[in-house]
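Pasted below: structure.csv, CSV, C-alpha atoms.
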chain,number,residue,atom,x,y,z
A,1,MET,CA,32.1,-70.8,-77.4
A,2,ASN,CA,33.9,-73.9,-78.5
A,3,SER,CA,31.4,-76.6,-79.3
A,4,ALA,CA,33.8,-79.5,-79.8
A,5,PRO,CA,34.0,-80.7,-76.2
A,6,LEU,CA,30.3,-80.2,-75.5
A,7,ASP,CA,28.6,-83.0,-77.3
A,8,ARG,CA,30.7,-85.7,-75.6
A,9,ARG,CA,29.3,-84.6,-72.2
A,10,ALA,CA,25.6,-85.1,-73.1
A,11,VAL,CA,24.2,-88.5,-73.5
A,12,VAL,CA,23.3,-88.5,-77.2
A,13,LEU,CA,24.2,-91.5,-79.3
A,14,ASP,CA,23.6,-91.7,-83.1
A,15,ARG,CA,23.6,-95.0,-85.0
A,16,ASP,CA,22.9,-95.9,-88.6
A,17,LEU,CA,21.2,-99.3,-88.7
A,18,ALA,CA,20.9,-101.4,-91.8
A,19,HIS,CA,17.3,-102.3,-90.9
A,20,ARG,CA,13.9,-100.7,-91.6
A,21,PRO,CA,12.3,-98.5,-88.9
A,22,GLU,CA,9.5,-101.0,-88.5
A,23,LYS,CA,11.9,-103.7,-87.5
A,24,VAL,CA,14.0,-101.5,-85.2
A,25,TRP,CA,10.7,-100.4,-83.6
A,26,ARG,CA,9.8,-104.0,-82.9
A,27,ALA,CA,13.2,-104.5,-81.2
A,28,ILE,CA,12.7,-101.6,-78.9
A,29,THR,CA,9.0,-102.2,-78.0
A,30,GLN,CA,8.5,-106.0,-77.8
A,31,PRO,CA,9.4,-107.3,-74.4
A,32,HIS,CA,11.1,-110.6,-75.5
A,33,LEU,CA,13.2,-108.6,-78.0
A,34,ILE,CA,14.0,-105.8,-75.4
A,35,ALA,CA,15.2,-108.5,-73.1
A,36,GLU,CA,17.7,-109.7,-75.7
A,37,TRP,CA,19.6,-106.4,-76.1
A,38,LEU,CA,18.7,-104.3,-73.0
A,39,MET,CA,17.3,-106.0,-69.9
A,40,ALA,CA,14.5,-108.3,-68.7
A,41,ASN,CA,11.3,-106.2,-68.6
A,42,ASP,CA,7.5,-106.0,-68.5
A,43,PHE,CA,7.2,-103.3,-71.0
A,44,ALA,CA,4.0,-102.6,-73.0
A,45,PRO,CA,3.7,-100.0,-75.7
A,46,GLU,CA,1.1,-97.9,-74.0
A,47,LEU,CA,1.3,-94.3,-73.0
A,48,GLY,CA,1.6,-94.0,-69.2
A,49,ARG,CA,2.5,-97.6,-68.7
A,50,ASP,CA,4.7,-98.3,-65.7
A,51,PHE,CA,7.3,-101.0,-66.2
A,52,ARG,CA,10.6,-102.3,-64.8
A,53,LEU,CA,13.9,-103.2,-66.3
A,54,ARG,CA,15.8,-105.8,-64.3
A,55,ASN,CA,19.3,-107.1,-64.6
A,56,THR,CA,21.3,-109.5,-62.5
A,57,PRO,CA,25.0,-108.8,-63.3
A,58,GLN,CA,26.1,-111.3,-60.7
A,59,PRO,CA,24.4,-113.6,-58.2
A,60,GLY,CA,22.9,-111.7,-55.3
A,61,MET,CA,23.1,-108.4,-57.1
A,62,GLU,CA,20.0,-107.1,-58.9
A,63,ILE,CA,19.6,-103.8,-60.7
A,64,VAL,CA,16.0,-102.6,-61.0
A,65,ILE,CA,15.1,-99.5,-63.0
A,66,ASP,CA,11.6,-98.1,-62.7
A,67,CYS,CA,10.2,-96.7,-65.9
A,68,ARG,CA,7.1,-95.1,-67.3
A,69,VAL,CA,6.1,-94.6,-71.0
A,70,LEU,CA,6.0,-90.8,-71.6
A,71,ALA,CA,5.6,-90.6,-75.3
A,72,ILE,CA,5.0,-93.2,-78.0
A,73,GLU,CA,4.7,-92.6,-81.8
A,74,PRO,CA,4.9,-95.9,-83.6
A,75,HIS,CA,8.0,-96.4,-85.8
A,76,HIS,CA,9.2,-92.9,-84.8
A,77,THR,CA,9.6,-91.9,-81.1
A,78,LEU,CA,9.6,-93.7,-77.8
A,79,SER,CA,10.3,-91.9,-74.5
A,80,TYR,CA,10.3,-93.4,-71.0
A,81,SER,CA,11.4,-92.2,-67.6
A,82,TRP,CA,14.3,-94.1,-66.1
A,83,SER,CA,14.6,-94.0,-62.4
A,84,ALA,CA,17.5,-95.8,-60.7
A,85,TYR,CA,19.5,-95.1,-57.5
A,86,GLY,CA,17.3,-92.1,-56.7
A,87,LEU,CA,18.1,-90.5,-60.1
A,88,GLU,CA,15.3,-89.7,-62.4
A,89,SER,CA,16.1,-89.3,-66.1
A,90,ILE,CA,14.4,-89.7,-69.4
A,91,VAL,CA,15.4,-92.0,-72.3
A,92,THR,CA,14.2,-91.1,-75.8
A,93,PHE,CA,14.6,-93.2,-79.0
A,94,THR,CA,14.1,-91.4,-82.3
A,95,LEU,CA,13.9,-93.3,-85.5
A,96,THR,CA,14.4,-91.7,-88.9
A,97,PRO,CA,14.1,-93.7,-92.1
A,98,THR,CA,17.2,-93.5,-94.4
A,99,ALA,CA,18.1,-94.9,-97.8
A,100,SER,CA,20.0,-97.8,-96.1
A,101,GLY,CA,17.7,-98.4,-93.2
A,102,THR,CA,17.2,-96.3,-90.0
A,103,HIS,CA,19.0,-93.5,-88.2
A,104,LEU,CA,18.6,-94.1,-84.5
A,105,ARG,CA,19.2,-91.4,-82.0
A,106,LEU,CA,19.3,-92.2,-78.3
A,107,GLU,CA,19.2,-89.4,-75.8
A,108,GLN,CA,19.2,-89.6,-72.0
A,109,ALA,CA,18.4,-86.4,-70.1
A,110,GLY,CA,18.2,-85.9,-66.4
A,111,PHE,CA,15.9,-83.7,-64.3
A,112,GLY,CA,13.6,-83.8,-61.3
A,113,PRO,CA,10.6,-86.0,-60.6
A,114,ASP,CA,8.0,-83.3,-61.1
A,115,GLN,CA,8.9,-82.5,-64.7
A,116,ASP,CA,7.1,-85.3,-66.5
A,117,ALA,CA,4.2,-83.1,-67.6
A,118,ALA,CA,6.5,-80.7,-69.4
A,119,PHE,CA,9.1,-83.3,-70.3
A,120,LYS,CA,9.5,-82.2,-73.9
A,121,GLY,CA,10.4,-78.7,-73.1
A,122,ALA,CA,12.5,-79.7,-70.1
A,123,ARG,CA,14.4,-82.2,-72.2
A,124,ALA,CA,15.3,-79.6,-74.8
A,125,GLY,CA,16.2,-77.3,-71.9
A,126,TRP,CA,18.4,-79.9,-70.3
A,127,THR,CA,20.2,-80.7,-73.5
A,128,GLN,CA,20.7,-77.1,-74.3
A,129,PHE,CA,21.9,-76.5,-70.8
A,130,LEU,CA,24.5,-79.3,-71.0
A,131,ARG,CA,25.8,-78.0,-74.3
A,132,THR,CA,26.0,-74.4,-73.1
A,133,LEU,CA,27.6,-75.1,-69.8
A,134,THR,CA,30.0,-77.9,-70.0
A,135,THR,CA,32.9,-75.7,-70.8
A,136,ILE,CA,32.9,-74.7,-67.1
A,137,LEU,CA,34.1,-78.2,-66.3
A,138,ASP,CA,37.3,-77.5,-68.2
A,139,ARG,CA,37.9,-74.2,-66.4
A,140,PRO,CA,40.9,-74.3,-64.1
A,141,GLU,CA,40.2,-74.4,-60.4
B,1,MET,CA,31.4,-81.7,-54.5
B,2,PRO,CA,27.6,-82.0,-55.0
B,3,THR,CA,26.2,-85.5,-55.7
B,4,THR,CA,24.6,-86.3,-59.0
B,5,GLU,CA,21.2,-86.6,-57.3
B,6,THR,CA,21.6,-83.1,-55.8
B,7,LEU,CA,22.6,-81.7,-59.2
B,8,PHE,CA,19.6,-83.3,-60.9
B,9,LYS,CA,17.2,-82.0,-58.3
B,10,THR,CA,18.7,-78.5,-58.2
B,11,LEU,CA,18.9,-78.0,-61.9
B,12,ALA,CA,15.5,-79.5,-62.6
B,13,ASP,CA,14.0,-76.0,-62.2
B,14,PRO,CA,14.3,-74.1,-65.5
B,15,THR,CA,14.6,-70.7,-63.7
B,16,ARG,CA,17.5,-72.0,-61.6
B,17,ARG,CA,19.2,-73.4,-64.7
B,18,VAL,CA,18.9,-70.0,-66.4
B,19,LEU,CA,20.4,-68.2,-63.3
B,20,TYR,CA,23.2,-70.7,-63.0
B,21,GLU,CA,23.9,-70.4,-66.8
B,22,ARG,CA,24.2,-66.7,-66.5
B,23,LEU,CA,26.7,-67.0,-63.7
B,24,CYS,CA,28.7,-69.5,-65.7
B,25,ARG,CA,28.7,-67.3,-68.8
B,26,ASP,CA,29.0,-63.8,-67.3
B,27,GLY,CA,31.1,-64.4,-64.2
B,28,GLU,CA,30.3,-62.8,-60.8
B,29,LEU,CA,26.9,-60.9,-60.7
B,30,THR,CA,24.9,-59.2,-58.0
B,31,VAL,CA,21.4,-60.3,-57.1
B,32,ALA,CA,20.1,-57.0,-58.7
B,33,ALA,CA,21.9,-57.8,-62.0
B,34,LEU,CA,20.5,-61.3,-62.0
B,35,THR,CA,17.0,-60.1,-61.3
B,36,ALA,CA,17.1,-57.7,-64.2
B,37,GLY,CA,15.8,-59.7,-67.1
B,38,ALA,CA,14.9,-62.8,-65.0
B,39,GLY,CA,11.2,-62.1,-65.2
B,40,ILE,CA,10.7,-62.8,-61.5
B,41,SER,CA,11.0,-60.8,-58.3
B,42,GLN,CA,14.3,-60.2,-56.4
B,43,PRO,CA,13.2,-62.3,-53.4
B,44,ALA,CA,12.4,-65.2,-55.8
B,45,VAL,CA,15.8,-64.8,-57.4
B,46,SER,CA,17.4,-64.8,-53.9
B,47,LYS,CA,15.6,-68.0,-53.0
B,48,HIS,CA,16.8,-69.8,-56.1
B,49,LEU,CA,20.3,-68.6,-55.5
B,50,GLY,CA,20.1,-70.0,-52.0
B,51,VAL,CA,19.2,-73.4,-53.4
B,52,LEU,CA,22.1,-73.2,-55.8
B,53,LYS,CA,24.4,-72.3,-53.0
B,54,GLN,CA,23.2,-75.1,-50.8
B,55,ALA,CA,23.8,-77.5,-53.7
B,56,GLY,CA,27.4,-76.3,-53.9
B,57,LEU,CA,27.0,-74.8,-57.3
B,58,VAL,CA,27.5,-71.2,-56.5
B,59,HIS,CA,29.4,-69.1,-54.0
B,60,ASP,CA,28.2,-65.8,-52.5
B,61,ARG,CA,30.2,-62.8,-51.5
B,62,PRO,CA,28.5,-60.0,-49.5
B,63,ALA,CA,29.8,-56.6,-50.3
B,64,GLY,CA,28.1,-53.7,-48.6
B,65,ARG,CA,24.4,-53.8,-49.4
B,66,GLN,CA,24.9,-56.1,-52.3
B,67,THR,CA,25.6,-59.8,-52.5
B,68,HIS,CA,27.7,-61.0,-55.4
B,69,TYR,CA,27.2,-64.6,-56.7
B,70,SER,CA,29.6,-66.7,-58.8
B,71,ALA,CA,29.6,-70.2,-60.2
B,72,ILE,CA,31.9,-72.7,-58.5
B,73,PRO,CA,34.3,-74.2,-61.1
B,74,GLY,CA,34.1,-77.9,-61.5
B,75,ALA,CA,30.8,-78.3,-59.6
B,76,LEU,CA,29.2,-80.0,-62.6
B,77,SER,CA,31.9,-82.8,-62.7
B,78,PRO,CA,29.5,-85.5,-61.2
B,79,LEU,CA,27.1,-84.7,-64.1
B,80,ALA,CA,29.9,-85.2,-66.6
B,81,ASP,CA,30.8,-88.6,-64.8
B,82,TRP,CA,27.1,-89.6,-65.0
B,83,THR,CA,26.8,-88.7,-68.7
B,84,ARG,CA,30.1,-90.6,-69.5
B,85,THR,CA,28.9,-93.7,-67.6
B,86,MET,CA,25.5,-93.7,-69.3
B,87,ALA,CA,26.9,-93.0,-72.8
B,88,SER,CA,29.2,-96.0,-72.4
B,89,PHE,CA,26.3,-98.2,-71.1
B,90,TRP,CA,24.1,-97.2,-74.1
B,91,ASP,CA,27.0,-97.7,-76.6
B,92,ASN,CA,27.3,-101.3,-75.4
B,93,ARG,CA,23.5,-101.8,-75.5
B,94,LEU,CA,23.2,-100.4,-79.0
B,95,ASP,CA,25.9,-102.8,-80.2
B,96,ALA,CA,23.7,-105.6,-78.7
B,97,LEU,CA,20.6,-104.1,-80.5
B,98,ASP,CA,22.4,-104.0,-83.8
B,99,SER,CA,23.5,-107.6,-83.4
B,100,LEU,CA,19.9,-108.6,-82.4
B,101,LEU,CA,18.5,-106.9,-85.5
B,102,THR,CA,20.9,-109.0,-87.7
B,103,ARG,CA,19.8,-112.2,-86.0
B,104,MET,CA,16.1,-111.2,-86.5
B,105,ASP,CA,16.7,-111.6,-90.3
B,106,GLN,CA,17.6,-115.3,-89.9

Take the structure in the file and give it back as structure tokens.
Amino acid sequence: MNSAPLDRRAVVLDRDLAHRPEKVWRAITQPHLIAEWLMANDFAPELGRDFRLRNTPQPGMEIVIDCRVLAIEPHHTLSYSWSAYGLESIVTFTLTPTASGTHLRLEQAGFGPDQDAAFKGARAGWTQFLRTLTTILDRPE
Amino acid sequence: MPTTETLFKTLADPTRRVLYERLCRDGELTVAALTAGAGISQPAVSKHLGVLKQAGLVHDRPAGRQTHYSAIPGALSPLADWTRTMASFWDNRLDALDSLLTRMDQ
């Protein structure tokens, strides 16, 4: 199976940042810093914490995303559920120290609302699924 | 065309994902062929196939005593649209994160 077109279908972004993991961790876990690059929020770095991300792209229009912290390992991993417009997905940040700073991987995987307990396995399953299957999208009708 | 929400809900079940994956990979298969190696009973397989059919992901073709199932091409397109939208969203946000990290030095 050709793997070239597959990765671009899954939500997986890799970034090399010229900053130490401790600092990147602060930027993704402190509410006033999260607000600067993502959205207004009431995040707290606690397992099971429910929080909301809010954005007002134009007057009278508010985007609200319901989230829950699913995994947290300081300076390394942060996962939270991301529920918007009836779609439940999971966002995961993984930080790896490098010689020049931090490698950041962001993944967003989607599945049903009853999968939280087994989210790690489900996340792997989902990513694998997308990678395996996306060629069908290119199949002629 | 199934909605993204329907796709998420339908494919949330790992067993359904495996069945659907086999139909994508192997082409048209009977319920009996899908049951072999699935680790669950034929009625359970049929039930999952019913959900996949209702979601617009698979097509069934009765032939004698057997029902053949196949994946419907292009049915995953909304999922591809969703991943593209979210990838673009995060790409912009990560630019903003990088810029914030630089400001944090000052």

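Using only C-alpha atoms, the part of chain B that sits within 6 Å of chain A is made up of B:Glu5, B:Phe8, B:Lys9, B:Ala12, B:Pro73, B:Gly74, B:Ala80, B:Thr83, B:Ala87, B:Arg93, B:Ala96, B:Leu97.
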
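You will find atom CA of Glu62 of chain A at 24.1 Å from atom CA of Leu79 of chain B.
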
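Nearest residue to Trp82 of chain A, choosing from B:Met86, B:Ala55, B:Ile40, B:Thr3 and counting all atoms listed in the file: B:Met86.
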
Could you name the residues that touch segment 64-69 of chain B at 12 Å or less, counting only C-alpha atoms, but leaving out those on the same chain fewer than 2 positions away, as JSON, numbers by chain?
-> {"B": [19, 20, 22, 23, 24, 26, 27, 28, 29, 30, 31, 32, 33, 34, 42, 45, 46, 48, 49, 50, 52, 53, 57, 58, 59, 60, 61, 62, 71, 72]}

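Across the structure, atom CA of Val69 of chain A and atom CA of Asp95 of chain B are spaced 23.3 Å apart.
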
Kindly give the distance, in Å, that separates atom CA of Asn55 of chain A and atom CA of Ala35 of chain A, rounded to a single decimal.
-> 9.5 Å

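If all atoms listed in the file are the atoms counted, then among A:Arg54, A:His75, A:Arg49, A:Arg105 the closest residue to Pro21 of chain A is A:His75.
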
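Those residues that approach Phe51 of chain A to within 10 Å, counting all atoms listed in the file, are Asn41, Asp42, Phe43, Ala44, Gly48, Arg54, Ile65, Asp66, Cys67, Arg68, Val69, Tyr80, Ser81 and Trp82 of chain A; same-chain residues fewer than 3 positions away are not listed.
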
Could segment 8-61 of chain B be written out with C-alpha atoms, as a PDB file, in the first residue's frame, please?
ATOM      1  CA  PHE B   8     -17.310   9.174  14.135  1.00  0.00           C
ATOM      2  CA  LYS B   9     -20.087   7.311  15.932  1.00  0.00           C
ATOM      3  CA  THR B  10     -20.136   4.359  13.555  1.00  0.00           C
ATOM      4  CA  LEU B  11     -16.392   3.882  13.456  1.00  0.00           C
ATOM      5  CA  ALA B  12     -15.956   4.412  17.202  1.00  0.00           C
ATOM      6  CA  ASP B  13     -16.455   0.677  17.650  1.00  0.00           C
ATOM      7  CA  PRO B  14     -13.161  -1.180  17.078  1.00  0.00           C
ATOM      8  CA  THR B  15     -14.941  -4.314  15.799  1.00  0.00           C
ATOM      9  CA  ARG B  16     -16.807  -2.279  13.200  1.00  0.00           C
ATOM     10  CA  ARG B  17     -13.562  -0.608  12.189  1.00  0.00           C
ATOM     11  CA  VAL B  18     -11.941  -4.006  11.651  1.00  0.00           C
ATOM     12  CA  LEU B  19     -14.891  -5.279   9.585  1.00  0.00           C
ATOM     13  CA  TYR B  20     -14.965  -2.122   7.493  1.00  0.00           C
ATOM     14  CA  GLU B  21     -11.210  -2.242   7.049  1.00  0.00           C
ATOM     15  CA  ARG B  22     -11.422  -5.805   5.731  1.00  0.00           C
ATOM     16  CA  LEU B  23     -14.089  -4.788   3.197  1.00  0.00           C
ATOM     17  CA  CYS B  24     -11.919  -1.895   2.039  1.00  0.00           C
ATOM     18  CA  ARG B  25      -8.875  -4.101   1.700  1.00  0.00           C
ATOM     19  CA  ASP B  26     -10.345  -7.335   0.398  1.00  0.00           C
ATOM     20  CA  GLY B  27     -13.296  -6.074  -1.663  1.00  0.00           C
ATOM     21  CA  GLU B  28     -16.680  -7.828  -1.572  1.00  0.00           C
ATOM     22  CA  LEU B  29     -17.058 -10.476   1.164  1.00  0.00           C
ATOM     23  CA  THR B  30     -19.878 -12.670   2.493  1.00  0.00           C
ATOM     24  CA  VAL B  31     -21.047 -12.486   6.111  1.00  0.00           C
ATOM     25  CA  ALA B  32     -19.593 -15.980   6.584  1.00  0.00           C
ATOM     26  CA  ALA B  33     -16.180 -14.888   5.284  1.00  0.00           C
ATOM     27  CA  LEU B  34     -16.253 -11.810   7.513  1.00  0.00           C
ATOM     28  CA  THR B  35     -17.219 -13.923  10.539  1.00  0.00           C
ATOM     29  CA  ALA B  36     -14.279 -16.275  10.034  1.00  0.00           C
ATOM     30  CA  GLY B  37     -11.453 -14.710  12.005  1.00  0.00           C
ATOM     31  CA  ALA B  38     -13.617 -11.951  13.520  1.00  0.00           C
ATOM     32  CA  GLY B  39     -13.739 -13.637  16.936  1.00  0.00           C
ATOM     33  CA  ILE B  40     -17.468 -12.928  17.314  1.00  0.00           C
ATOM     34  CA  SER B  41     -20.660 -14.730  16.270  1.00  0.00           C
ATOM     35  CA  GLN B  42     -22.266 -14.398  12.843  1.00  0.00           C
ATOM     36  CA  PRO B  43     -25.350 -12.575  14.261  1.00  0.00           C
ATOM     37  CA  ALA B  44     -23.007 -10.090  15.955  1.00  0.00           C
ATOM     38  CA  VAL B  45     -21.151  -9.551  12.665  1.00  0.00           C
ATOM     39  CA  SER B  46     -24.475  -9.064  10.861  1.00  0.00           C
ATOM     40  CA  LYS B  47     -25.529  -6.486  13.427  1.00  0.00           C
ATOM     41  CA  HIS B  48     -22.320  -4.490  12.964  1.00  0.00           C
ATOM     42  CA  LEU B  49     -22.714  -4.701   9.174  1.00  0.00           C
ATOM     43  CA  GLY B  50     -26.251  -3.330   9.570  1.00  0.00           C
ATOM     44  CA  VAL B  51     -24.888  -0.311  11.425  1.00  0.00           C
ATOM     45  CA  LEU B  52     -22.212   0.216   8.751  1.00  0.00           C
ATOM     46  CA  LYS B  53     -24.901  -0.018   6.055  1.00  0.00           C
ATOM     47  CA  GLN B  54     -27.167   2.457   7.833  1.00  0.00           C
ATOM     48  CA  ALA B  55     -24.245   4.872   8.058  1.00  0.00           C
ATOM     49  CA  GLY B  56     -23.782   4.660   4.290  1.00  0.00           C
ATOM     50  CA  LEU B  57     -20.373   3.021   4.534  1.00  0.00           C
ATOM     51  CA  VAL B  58     -21.200  -0.373   3.018  1.00  0.00           C
ATOM     52  CA  HIS B  59     -23.508  -1.834   0.425  1.00  0.00           C
ATOM     53  CA  ASP B  60     -25.159  -5.272   0.666  1.00  0.00           C
ATOM     54  CA  ARG B  61     -26.003  -7.626  -2.176  1.00  0.00           C
TER      55      ARG B  61
END
